[in-house]
file structure33.txt (compact mmCIF, C-alpha atoms and all ligand atoms)
# COMPACT_ATOMS: atom_id res chain seq x y z
CA MET A 1 -28.57 15.64 -44.35
CA SER A 2 -29.58 19.21 -45.12
CA ARG A 3 -30.18 21.92 -42.54
CA PRO A 4 -33.59 22.28 -40.85
CA ILE A 5 -36.24 23.58 -43.21
CA GLY A 6 -38.10 26.65 -41.87
CA GLN A 7 -39.03 27.03 -38.21
CA PRO A 8 -38.85 23.79 -36.19
CA THR A 9 -42.30 22.64 -35.11
CA ASP A 10 -41.28 20.36 -32.26
CA PRO A 11 -44.13 20.19 -29.69
CA TYR A 12 -41.66 19.44 -26.85
CA ARG A 13 -40.52 23.07 -27.07
CA ALA A 14 -43.90 24.20 -25.73
CA ILE A 15 -45.87 21.26 -24.35
CA ASP A 16 -48.41 23.43 -22.52
CA ALA A 17 -49.34 25.18 -25.77
CA GLN A 18 -50.36 21.91 -27.47
CA ALA A 19 -54.02 20.90 -27.90
CA ASP A 20 -53.60 18.03 -25.43
CA PRO A 21 -50.49 18.49 -23.25
CA THR A 22 -51.21 15.29 -21.28
CA GLU A 23 -50.57 13.27 -24.45
CA PHE A 24 -46.86 14.10 -24.04
CA VAL A 25 -46.86 12.86 -20.46
CA GLU A 26 -48.30 9.56 -21.71
CA ARG A 27 -45.70 9.32 -24.51
CA LEU A 28 -42.83 9.94 -22.09
CA GLU A 29 -44.17 7.36 -19.62
CA GLU A 30 -44.59 4.81 -22.41
CA ARG A 31 -41.03 5.35 -23.61
CA GLY A 32 -39.80 5.31 -20.03
CA GLU A 33 -41.26 1.84 -19.45
CA THR A 34 -39.95 0.31 -22.69
CA PRO A 35 -37.24 -2.22 -21.67
CA SER A 36 -34.57 -1.08 -24.15
CA HIS A 37 -35.04 2.50 -22.99
CA VAL A 38 -34.97 1.58 -19.29
CA ARG A 39 -31.63 -0.17 -19.85
CA LEU A 40 -29.90 2.60 -21.77
CA ARG A 41 -31.22 5.35 -19.47
CA ARG A 42 -29.99 3.62 -16.30
CA ARG A 43 -26.67 2.80 -17.91
CA PHE A 44 -26.18 6.50 -18.67
CA LEU A 45 -27.06 7.46 -15.06
CA ARG A 46 -24.41 5.03 -13.78
CA PHE A 47 -21.94 6.46 -16.36
CA ALA A 48 -22.68 9.93 -14.89
CA ARG A 49 -21.63 8.49 -11.49
CA VAL A 50 -24.99 9.01 -9.79
CA GLY A 51 -24.59 7.37 -6.39
CA ARG A 52 -25.91 7.29 -2.83
CA GLY A 53 -26.12 10.65 -1.08
CA ALA A 54 -25.62 12.82 -4.19
CA ALA A 55 -27.44 16.12 -4.76
CA VAL A 56 -28.69 15.88 -8.35
CA LEU A 57 -30.53 18.31 -10.62
CA GLU A 58 -32.41 17.12 -13.69
CA VAL A 59 -33.16 19.80 -16.29
CA GLY A 60 -36.16 19.09 -18.56
CA SER A 61 -37.65 16.35 -16.39
CA GLY A 62 -40.90 15.83 -18.35
CA SER A 63 -43.14 13.30 -16.61
CA GLY A 64 -40.37 12.42 -14.14
CA VAL A 65 -39.13 9.09 -15.55
CA VAL A 66 -35.45 9.96 -15.02
CA ALA A 67 -36.02 11.81 -11.74
CA ARG A 68 -37.69 8.72 -10.25
CA ASP A 69 -34.66 6.61 -11.20
CA LEU A 70 -32.42 9.27 -9.67
CA ALA A 71 -34.36 9.30 -6.39
CA ARG A 72 -33.90 5.54 -6.05
CA MET A 73 -30.19 5.78 -6.91
CA VAL A 74 -29.30 8.59 -4.48
CA GLY A 75 -31.35 7.08 -1.62
CA ALA A 76 -32.85 8.87 1.36
CA ARG A 77 -29.61 10.76 2.16
CA GLY A 78 -29.44 12.21 -1.35
CA ARG A 79 -31.46 15.01 -2.93
CA VAL A 80 -33.17 15.23 -6.33
CA VAL A 81 -34.46 18.48 -7.81
CA ALA A 82 -36.13 18.36 -11.23
CA VAL A 83 -37.22 21.30 -13.39
CA ASP A 84 -39.28 21.60 -16.55
CA PRO A 85 -40.90 24.62 -18.26
CA SER A 86 -44.17 22.71 -18.71
CA ARG A 87 -46.61 23.13 -15.80
CA THR A 88 -48.58 20.12 -17.08
CA CYS A 89 -45.43 17.97 -16.90
CA VAL A 90 -44.46 19.21 -13.45
CA MET A 91 -47.91 18.50 -12.02
CA ALA A 92 -48.03 15.05 -13.65
CA ALA A 93 -44.48 14.29 -12.46
CA ARG A 94 -45.45 15.08 -8.83
CA ARG A 95 -48.51 12.82 -9.07
CA LEU A 96 -46.53 9.98 -10.72
CA ALA A 97 -43.73 10.21 -8.13
CA ARG A 98 -46.34 9.80 -5.36
CA ALA A 99 -47.89 6.85 -7.23
CA HIS A 100 -44.42 5.23 -7.39
CA GLY A 101 -43.96 5.55 -3.61
CA LEU A 102 -41.49 8.45 -3.91
CA ASP A 103 -43.57 11.11 -2.17
CA GLY A 104 -41.34 13.90 -0.85
CA ARG A 105 -38.19 12.43 -2.44
CA ILE A 106 -38.10 14.72 -5.52
CA ALA A 107 -38.62 18.51 -5.62
CA PHE A 108 -40.28 19.27 -8.99
CA ARG A 109 -40.31 22.94 -10.09
CA VAL A 110 -41.42 24.88 -13.15
CA ALA A 111 -38.30 26.46 -14.69
CA ASP A 112 -36.51 26.93 -18.01
CA GLY A 113 -33.05 25.41 -18.49
CA ARG A 114 -31.76 28.72 -19.86
CA ARG A 115 -32.45 30.46 -16.54
CA LEU A 116 -32.13 28.04 -13.64
CA PRO A 117 -33.48 29.46 -10.36
CA PHE A 118 -30.59 28.18 -8.22
CA ARG A 119 -27.45 29.72 -6.80
CA GLY A 120 -24.10 28.61 -8.24
CA GLY A 121 -22.38 25.37 -7.22
CA ARG A 122 -25.42 23.86 -5.51
CA PHE A 123 -25.45 20.38 -7.10
CA ASP A 124 -23.00 17.46 -7.29
CA ILE A 125 -24.44 16.29 -10.62
CA THR A 126 -26.59 18.12 -13.17
CA LEU A 127 -28.22 16.17 -16.00
CA ALA A 128 -30.39 16.76 -19.06
CA VAL A 129 -31.77 13.64 -20.77
CA THR A 130 -33.27 14.00 -24.27
CA VAL A 131 -33.71 17.73 -23.78
CA LEU A 132 -30.99 19.55 -25.76
CA LEU A 133 -32.40 18.13 -28.99
CA HIS A 134 -35.49 20.23 -28.33
CA VAL A 135 -33.90 23.61 -27.56
CA ASP A 136 -32.61 26.38 -29.83
CA GLU A 137 -29.72 27.30 -27.59
CA PRO A 138 -28.20 24.12 -26.15
CA ALA A 139 -25.04 26.04 -25.17
CA ALA A 140 -27.11 28.41 -22.99
CA VAL A 141 -28.71 25.45 -21.16
CA ILE A 142 -25.31 23.77 -20.68
CA GLY A 143 -23.87 27.08 -19.42
CA GLU A 144 -26.55 27.22 -16.73
CA MET A 145 -26.02 23.54 -15.86
CA VAL A 146 -22.30 24.22 -15.38
CA ARG A 147 -23.01 27.28 -13.22
CA VAL A 148 -25.22 25.40 -10.72
CA THR A 149 -22.81 22.42 -10.45
CA ARG A 150 -20.09 22.50 -7.76
CA ARG A 151 -16.37 22.43 -8.69
CA GLY A 152 -15.42 18.79 -9.26
CA GLY A 153 -19.09 17.94 -9.92
CA ILE A 154 -20.44 16.34 -13.07
CA VAL A 155 -22.54 17.73 -15.91
CA GLY A 156 -24.13 15.03 -18.08
CA VAL A 157 -26.29 15.16 -21.20
CA GLN A 158 -27.87 12.41 -23.25
CA ASP A 159 -29.67 12.72 -26.61
CA GLN A 160 -30.75 10.46 -29.39
CA ASP A 161 -29.25 11.26 -32.80
CA PHE A 162 -31.74 10.90 -35.62
CA GLY A 163 -28.99 10.52 -38.21
CA THR A 164 -28.51 7.02 -36.74
CA LEU A 165 -32.07 5.70 -37.04
CA ALA A 166 -32.12 2.35 -38.86
CA LEU A 167 -35.44 0.79 -39.81
CA GLU A 168 -35.95 -2.38 -41.83
CA HIS A 169 -38.58 -1.62 -44.51
CA PRO A 170 -39.12 -2.84 -48.10
CA ASP A 171 -39.41 0.75 -49.39
CA ARG A 172 -36.10 2.38 -48.50
CA ARG A 173 -36.70 5.52 -50.55
CA VAL A 174 -39.99 6.42 -48.83
CA THR A 175 -38.50 5.40 -45.45
CA ALA A 176 -35.66 7.90 -45.93
CA GLU A 177 -38.03 10.60 -47.20
CA ILE A 178 -40.30 10.24 -44.18
CA LEU A 179 -37.68 9.75 -41.46
CA ASP A 180 -35.19 12.38 -42.65
CA GLY A 181 -37.82 14.82 -43.91
CA VAL A 182 -39.76 14.86 -40.65
CA VAL A 183 -36.79 15.39 -38.31
CA GLU A 184 -35.42 18.21 -40.48
CA ARG A 185 -38.70 20.04 -40.01
CA LEU A 186 -39.29 19.04 -36.38
CA TYR A 187 -36.03 19.70 -34.54
CA PRO A 188 -33.58 22.60 -34.37
CA GLU A 189 -30.75 19.99 -34.52
CA PRO A 190 -31.80 16.40 -35.38
CA LEU A 191 -28.17 15.23 -35.09
CA SER A 192 -27.85 16.60 -31.57
CA GLY A 193 -26.35 13.42 -30.07
CA ARG A 194 -23.00 13.53 -31.86
CA ARG A 195 -22.51 17.21 -30.93
CA LEU A 196 -22.74 16.69 -27.16
CA PRO A 197 -19.05 16.06 -26.32
CA GLY A 198 -18.08 19.20 -28.29
CA LEU A 199 -20.71 21.27 -26.47
CA LEU A 200 -19.41 20.13 -23.07
CA ARG A 201 -15.80 20.93 -24.02
CA ALA A 202 -16.86 24.35 -25.35
CA ALA A 203 -18.53 25.00 -21.96
CA GLY A 204 -15.11 24.56 -20.30
CA LEU A 205 -15.66 21.12 -18.75
CA ASP A 206 -12.74 18.76 -18.11
CA ARG A 207 -12.45 15.03 -18.68
CA VAL A 208 -15.30 14.85 -21.20
CA ARG A 209 -16.31 11.25 -21.85
CA LEU A 210 -18.76 9.72 -24.32
CA LEU A 211 -21.04 6.71 -23.95
CA THR A 212 -23.01 5.57 -26.97
CA ASP A 213 -25.87 3.15 -26.55
CA VAL A 214 -28.58 1.80 -28.79
CA TYR A 215 -32.35 1.73 -28.49
CA GLN A 216 -33.11 -1.60 -30.12
CA ASP A 217 -36.51 -3.07 -30.91
CA THR A 218 -37.09 -6.31 -32.81
CA ALA A 219 -40.74 -6.80 -31.75
CA LEU A 220 -42.41 -3.46 -32.62
CA ALA A 221 -43.05 -2.41 -29.01
CA PRO A 222 -46.06 -0.11 -28.44
CA TYR A 223 -43.74 2.89 -27.96
CA THR A 224 -41.91 2.20 -31.25
CA GLN A 225 -45.19 1.71 -33.09
CA ARG A 226 -46.55 5.05 -31.86
CA PHE A 227 -43.22 6.72 -32.66
CA LEU A 228 -43.46 5.50 -36.30
CA GLU A 229 -47.16 6.45 -36.52
CA HIS A 230 -46.27 9.99 -35.42
CA ARG A 231 -43.53 10.15 -38.05
CA ALA A 232 -46.07 9.10 -40.73
CA GLU A 233 -48.64 11.62 -39.41
CA ASN A 234 -46.07 14.43 -39.48
CA ALA A 235 -44.86 13.43 -42.95
CA VAL A 236 -48.41 14.02 -44.22
CA LYS A 237 -48.77 17.25 -42.21
CA PHE A 238 -45.49 18.60 -43.63
CA GLY A 239 -46.44 17.61 -47.20
CA ILE A 240 -43.56 15.12 -47.53
CA VAL A 241 -45.87 12.27 -48.65
CA ASP A 242 -49.62 11.97 -49.17
CA ALA A 243 -51.90 10.12 -46.73
CA ALA A 244 -52.13 6.99 -48.92
CA THR A 245 -48.32 6.70 -49.16
CA ALA A 246 -47.97 7.18 -45.39
CA GLN A 247 -50.55 4.46 -44.72
CA HIS A 248 -48.87 2.11 -47.22
CA TRP A 249 -45.56 2.73 -45.42
CA LEU A 250 -47.13 1.90 -42.03
CA ASP A 251 -48.72 -1.24 -43.53
CA GLY A 252 -45.24 -2.28 -44.71
CA ILE A 253 -44.03 -2.02 -41.10
CA THR A 254 -46.94 -4.16 -39.88
CA ASP A 255 -46.12 -6.82 -42.51
CA ILE A 256 -42.45 -6.82 -41.55
CA ALA A 257 -43.36 -7.22 -37.87
CA ARG A 258 -45.86 -10.02 -38.58
CA GLY A 259 -43.14 -11.81 -40.52
CA GLY A 260 -40.77 -11.58 -37.52
CA ARG A 261 -38.38 -9.30 -39.43
CA PHE A 262 -38.92 -6.02 -37.59
CA VAL A 263 -35.76 -4.10 -36.62
CA MET A 264 -35.44 -0.50 -35.49
CA THR A 265 -32.35 0.91 -33.82
CA LEU A 266 -31.47 4.43 -32.70
CA THR A 267 -28.19 5.51 -31.14
CA PHE A 268 -28.24 7.57 -27.95
CA PHE A 269 -25.15 9.64 -27.16
CA GLY A 270 -24.38 10.35 -23.51
CA ALA A 271 -21.60 12.76 -22.58
CA THR A 272 -20.29 13.83 -19.19
CA GLY A 273 -17.68 16.34 -18.07
CA VAL A 274 -16.24 17.57 -14.80
CA ARG A 275 -16.57 21.19 -13.68
CA PRO A 276 -13.04 22.57 -13.10
C1 LIG B 1 -38.40 14.46 -24.52
S1 LIG B 1 -38.76 15.25 -23.01
C2 LIG B 1 -37.60 14.48 -21.89
C3 LIG B 1 -38.14 14.32 -20.49
C4 LIG B 1 -37.27 13.50 -19.55
N1 LIG B 1 -35.94 14.05 -19.41
C5 LIG B 1 -37.18 12.06 -20.03
O1 LIG B 1 -36.13 11.66 -20.56
O2 LIG B 1 -38.18 11.34 -19.89
C6 LIG B 1 -38.07 16.88 -23.22
C7 LIG B 1 -38.43 17.82 -22.08
O3 LIG B 1 -37.65 19.01 -22.23
C8 LIG B 1 -38.45 20.07 -21.78
N2 LIG B 1 -37.91 21.34 -22.31
C9 LIG B 1 -38.17 21.95 -23.49
N3 LIG B 1 -37.53 23.12 -23.56
C10 LIG B 1 -36.82 23.24 -22.40
C11 LIG B 1 -35.97 24.25 -21.87
N4 LIG B 1 -35.69 25.37 -22.53
N5 LIG B 1 -35.43 24.05 -20.64
C12 LIG B 1 -35.69 22.90 -19.94
N6 LIG B 1 -36.50 21.93 -20.40
C13 LIG B 1 -37.06 22.10 -21.61
C14 LIG B 1 -39.84 19.75 -22.28
O4 LIG B 1 -40.85 20.46 -21.59
C15 LIG B 1 -39.88 18.23 -22.05
O5 LIG B 1 -40.46 17.89 -20.83

call {"tool": "encode", "arguments": {"input": "structure33.txt", "output": "structure tokens"}}
result
Amino acid sequence: MSRPIGQPTDPYRAIDAQADPTEFVERLEERGETPSHVRLRRRFLRFARVGRGAAVLEVGSGSGVVARDLARMVGARGRVVAVDPSRTCVMAARRLARAHGLDGRIAFRVADGRRLPFRGGRFDITLAVTVLLHVDEPAAVIGEMVRVTRRGGIVGVQDQDFGTLALEHPDRRVTAEILDGVVERLYPEPLSGRRLPGLLRAAGLDRVRLLTDVYQDTALAPYTQRFLEHRAENAVKFGIVDAATAQHWLDGITDIARGGRFVMTLTFFGATGVRP
């Protein structure tokens, strides 16, 4: 795959600057409730050794899907702090945590991962889930995560890797044009997942481990459908295909799903390391 073309246009870099920031809260909640995503997210949190009583920081918490899991995992004796640069996300995350019966169990704050407003060594575990993909300087965010984690504590990162997206479709050429073309223009590093262990080692962490897991959908779940519709929309916006071709491609997906042949998989890479 070639390098990103021009400036990345990823809306997750500046959610509050988008026409409708709440749309991103809805997308994150929809993904968060999708069974395959629930499974792989919780598996990664167990891999990162999140347990009762831990003090955990989540960087880039979005609508709070991961932070709510963390609050349940650490229990009442633990502590969860979650930061995100989007004020819309932070406000929505507070409201959603209350609605899930977790009032007062998570401290949500507006902050950027490149400048965390915490003293060094404050957390047992520091995590960023599907965040590094969206930032220009992942090493700067990891550097800050390492700084605020205590010696012997864990830094963990998880990202999807768009070089691993497999979609069953009769038109493989247009599928590749749309899927590869869009991510090259959208993200600073579409293949972020596979780079995570190297980034953790470069940040000086010990005992770096990798867990790969797969988002798998054989029924065209609402989240997957919207994900593919956004890819088609962006492909038109970026001039990769015209509107008729994009619609024809989406119709092909509907046909495949109606025929019981729908398959989409996407590998998530989770890496953890120990602060020396
Ligand atoms: C795809 S969402 C992931 C949200 C959440 N971790 C989850 O898995 O549901 C990416 C989040 O990263 C946040 N983000 C973008 N740039 C960031 C930065 N420089 N530091 C911290 N978070 C950032 C966005 O505001 C957004 O909420």

call {"tool": "closest_residue", "arguments": {"input": "structure33.txt", "among": "A:Arg201, A:His100, A:Arg195, A:Arg115", "to": "ligand LIG 1 (chain B)", "atoms": "only C-alpha atoms and all ligand atoms"}}
result
A:Arg115

call {"tool": "residues_around", "arguments": {"input": "structure33.txt", "residues": "range 13-25 of chain A", "least_positions_apart": "5", "cutoff": "6 Å", "atoms": "all atoms listed in the file", "output": "list in words"}}
result
Ser63, Ser86 and His134 of chain A

call {"tool": "axis_aligned_box", "arguments": {"input": "structure33.txt", "around": "range 24-41 of chain A", "padding_each_side": "8 Å", "output": "JSON"}}
result
{"center_x": -39.1, "center_y": 5.9, "center_z": -21.9, "size_x": 34.4, "size_y": 32.3, "size_z": 21.2}

call {"tool": "closest_residue", "arguments": {"input": "structure33.txt", "among": "A:Ala54, A:Leu96, A:Ala111, A:Leu228", "to": "ligand LIG 1 (chain B)", "atoms": "all atoms listed in the file"}}
result
A:Ala111

call {"tool": "residues_near_ligand", "arguments": {"input": "structure33.txt", "ligand": "ligand LIG 1 (chain B)", "cutoff": "9 Å", "atoms": "all atoms listed in the file", "output": "PyMOL selection string"}}
result
chain A and resi 11-16+24-25+27-29+31-32+41+58-67+83-90+111-116+127-138+141+158-159

call {"tool": "atom_distance", "arguments": {"input": "structure33.txt", "atom1": "CA of Arg109 in chain A", "atom2": "CA of Ala139 in chain A"}}
result
21.7 Å

call {"tool": "atom_distance", "arguments": {"input": "structure33.txt", "atom1": "CA of Arg119 in chain A", "atom2": "CA of Ala202 in chain A"}}
result
22.0 Å

call {"tool": "residues_around", "arguments": {"input": "structure33.txt", "residues": "range 161-170 of chain A", "least_positions_apart": "2", "cutoff": "9 Å", "atoms": "all atoms listed in the file", "output": "list of chain:residue names"}}
result
A:Met1, A:Leu133, A:Asp159, A:Arg172, A:Thr175, A:Leu179, A:Asp180, A:Val183, A:Pro190, A:Leu191, A:Ser192, A:Gly193, A:Arg194, A:Trp249, A:Gly252, A:Ile253, A:Ile256, A:Arg261, A:Phe262, A:Val263, A:Met264, A:Thr265, A:Leu266, A:Thr267, A:Phe268, A:Phe269

call {"tool": "atom_distance", "arguments": {"input": "structure33.txt", "atom1": "CA of Tyr223 in chain A", "atom2": "CA of Val38 in chain A"}}
result
12.4 Å

call {"tool": "closest_residue", "arguments": {"input": "structure33.txt", "among": "A:Val56, A:Val50, A:Leu250, A:Val81", "to": "Asp171 in chain A", "atoms": "all atoms listed in the file"}}
result
A:Leu250

call {"tool": "closest_residue", "arguments": {"input": "structure33.txt", "among": "A:Met91, A:Leu186, A:Ala48, A:Ala71", "to": "Thr272 in chain A", "atoms": "all atoms listed in the file"}}
result
A:Ala48

call {"tool": "residues_around", "arguments": {"input": "structure33.txt", "residues": "Gly121 in chain A", "least_positions_apart": "6", "cutoff": "7 Å", "atoms": "only C-alpha atoms", "output": "ChimeraX atom specification"}}
result
/A:147-151

call {"tool": "residues_around", "arguments": {"input": "structure33.txt", "residues": "Glu177 in chain A", "least_positions_apart": "3", "cutoff": "9 Å", "atoms": "all atoms listed in the file", "output": "ChimeraX atom specification"}}
result
/A:172-174,180-182,235,240-241

call {"tool": "residues_around", "arguments": {"input": "structure33.txt", "residues": "range 204-212 of chain A", "least_positions_apart": "4", "cutoff": "8 Å", "atoms": "all atoms listed in the file", "output": "tab-separated table (two decimals) with C-alpha atoms, in the frame of the given file"}}
result
chain	number	residue	atom	x	y	z
A	44	PHE	CA	-26.18	6.50	-18.67
A	47	PHE	CA	-21.94	6.46	-16.36
A	197	PRO	CA	-19.05	16.06	-26.32
A	200	LEU	CA	-19.41	20.13	-23.07
A	267	THR	CA	-28.19	5.51	-31.14
A	268	PHE	CA	-28.24	7.57	-27.95
A	269	PHE	CA	-25.15	9.64	-27.16
A	270	GLY	CA	-24.38	10.35	-23.51
A	271	ALA	CA	-21.60	12.76	-22.58
A	272	THR	CA	-20.29	13.83	-19.19
A	273	GLY	CA	-17.68	16.34	-18.07
A	274	VAL	CA	-16.24	17.57	-14.80
A	275	ARG	CA	-16.57	21.19	-13.68
A	276	PRO	CA	-13.04	22.57	-13.10

call {"tool": "build_atoms", "arguments": {"input": "structure33.txt", "residues": "range 89-106 of chain A", "atoms": "N, CA, C and O atoms", "output": "PDB file, in the frame of the given file"}}
result
ATOM      1  N   CYS A  89     -46.400  19.036 -17.212  1.00  0.00           N
ATOM      2  CA  CYS A  89     -45.430  17.970 -16.900  1.00  0.00           C
ATOM      3  C   CYS A  89     -45.089  17.972 -15.418  1.00  0.00           C
ATOM      4  O   CYS A  89     -45.027  16.907 -14.788  1.00  0.00           O
ATOM      5  N   VAL A  90     -44.867  19.146 -14.857  1.00  0.00           N
ATOM      6  CA  VAL A  90     -44.460  19.210 -13.450  1.00  0.00           C
ATOM      7  C   VAL A  90     -45.562  18.646 -12.552  1.00  0.00           C
ATOM      8  O   VAL A  90     -45.299  17.858 -11.632  1.00  0.00           O
ATOM      9  N   MET A  91     -46.812  19.010 -12.847  1.00  0.00           N
ATOM     10  CA  MET A  91     -47.910  18.500 -12.020  1.00  0.00           C
ATOM     11  C   MET A  91     -48.052  16.986 -12.167  1.00  0.00           C
ATOM     12  O   MET A  91     -48.241  16.262 -11.181  1.00  0.00           O
ATOM     13  N   ALA A  92     -47.932  16.504 -13.406  1.00  0.00           N
ATOM     14  CA  ALA A  92     -48.030  15.050 -13.650  1.00  0.00           C
ATOM     15  C   ALA A  92     -46.865  14.330 -12.971  1.00  0.00           C
ATOM     16  O   ALA A  92     -47.043  13.252 -12.382  1.00  0.00           O
ATOM     17  N   ALA A  93     -45.673  14.929 -13.039  1.00  0.00           N
ATOM     18  CA  ALA A  93     -44.480  14.290 -12.460  1.00  0.00           C
ATOM     19  C   ALA A  93     -44.634  14.148 -10.940  1.00  0.00           C
ATOM     20  O   ALA A  93     -44.257  13.122 -10.359  1.00  0.00           O
ATOM     21  N   ARG A  94     -45.228  15.164 -10.295  1.00  0.00           N
ATOM     22  CA  ARG A  94     -45.450  15.080  -8.830  1.00  0.00           C
ATOM     23  C   ARG A  94     -46.408  13.929  -8.518  1.00  0.00           C
ATOM     24  O   ARG A  94     -46.163  13.128  -7.620  1.00  0.00           O
ATOM     25  N   ARG A  95     -47.489  13.864  -9.304  1.00  0.00           N
ATOM     26  CA  ARG A  95     -48.510  12.820  -9.070  1.00  0.00           C
ATOM     27  C   ARG A  95     -47.888  11.436  -9.310  1.00  0.00           C
ATOM     28  O   ARG A  95     -48.071  10.510  -8.511  1.00  0.00           O
ATOM     29  N   LEU A  96     -47.111  11.295 -10.383  1.00  0.00           N
ATOM     30  CA  LEU A  96     -46.530   9.980 -10.720  1.00  0.00           C
ATOM     31  C   LEU A  96     -45.486   9.570  -9.675  1.00  0.00           C
ATOM     32  O   LEU A  96     -45.371   8.387  -9.341  1.00  0.00           O
ATOM     33  N   ALA A  97     -44.732  10.542  -9.158  1.00  0.00           N
ATOM     34  CA  ALA A  97     -43.730  10.210  -8.130  1.00  0.00           C
ATOM     35  C   ALA A  97     -44.435   9.661  -6.882  1.00  0.00           C
ATOM     36  O   ALA A  97     -43.993   8.670  -6.285  1.00  0.00           O
ATOM     37  N   ARG A  98     -45.562  10.303  -6.514  1.00  0.00           N
ATOM     38  CA  ARG A  98     -46.340   9.800  -5.360  1.00  0.00           C
ATOM     39  C   ARG A  98     -46.826   8.377  -5.646  1.00  0.00           C
ATOM     40  O   ARG A  98     -46.700   7.485  -4.814  1.00  0.00           O
ATOM     41  N   ALA A  99     -47.351   8.167  -6.866  1.00  0.00           N
ATOM     42  CA  ALA A  99     -47.890   6.850  -7.230  1.00  0.00           C
ATOM     43  C   ALA A  99     -46.796   5.776  -7.211  1.00  0.00           C
ATOM     44  O   ALA A  99     -47.082   4.599  -7.013  1.00  0.00           O
ATOM     45  N   HIS A 100     -45.539   6.183  -7.411  1.00  0.00           N
ATOM     46  CA  HIS A 100     -44.420   5.230  -7.390  1.00  0.00           C
ATOM     47  C   HIS A 100     -43.789   5.130  -5.996  1.00  0.00           C
ATOM     48  O   HIS A 100     -42.679   4.604  -5.860  1.00  0.00           O
ATOM     49  N   GLY A 101     -44.465   5.668  -4.983  1.00  0.00           N
ATOM     50  CA  GLY A 101     -43.960   5.550  -3.610  1.00  0.00           C
ATOM     51  C   GLY A 101     -42.777   6.461  -3.335  1.00  0.00           C
ATOM     52  O   GLY A 101     -41.978   6.183  -2.436  1.00  0.00           O
ATOM     53  N   LEU A 102     -42.645   7.561  -4.108  1.00  0.00           N
ATOM     54  CA  LEU A 102     -41.490   8.450  -3.910  1.00  0.00           C
ATOM     55  C   LEU A 102     -41.935   9.831  -3.426  1.00  0.00           C
ATOM     56  O   LEU A 102     -41.298  10.846  -3.711  1.00  0.00           O
ATOM     57  N   ASP A 103     -43.032   9.855  -2.690  1.00  0.00           N
ATOM     58  CA  ASP A 103     -43.570  11.110  -2.170  1.00  0.00           C
ATOM     59  C   ASP A 103     -42.501  11.830  -1.332  1.00  0.00           C
ATOM     60  O   ASP A 103     -41.865  11.217  -0.478  1.00  0.00           O
ATOM     61  N   GLY A 104     -42.283  13.102  -1.636  1.00  0.00           N
ATOM     62  CA  GLY A 104     -41.340  13.900  -0.850  1.00  0.00           C
ATOM     63  C   GLY A 104     -39.873  13.649  -1.184  1.00  0.00           C
ATOM     64  O   GLY A 104     -38.989  14.272  -0.613  1.00  0.00           O
ATOM     65  N   ARG A 105     -39.597  12.766  -2.124  1.00  0.00           N
ATOM     66  CA  ARG A 105     -38.190  12.430  -2.440  1.00  0.00           C
ATOM     67  C   ARG A 105     -37.644  13.249  -3.620  1.00  0.00           C
ATOM     68  O   ARG A 105     -36.438  13.263  -3.859  1.00  0.00           O
ATOM     69  N   ILE A 106     -38.537  13.912  -4.378  1.00  0.00           N
ATOM     70  CA  ILE A 106     -38.100  14.720  -5.520  1.00  0.00           C
ATOM     71  C   ILE A 106     -38.800  16.070  -5.447  1.00  0.00           C
ATOM     72  O   ILE A 106     -40.017  16.126  -5.262  1.00  0.00           O
TER      73      ILE A 106
END
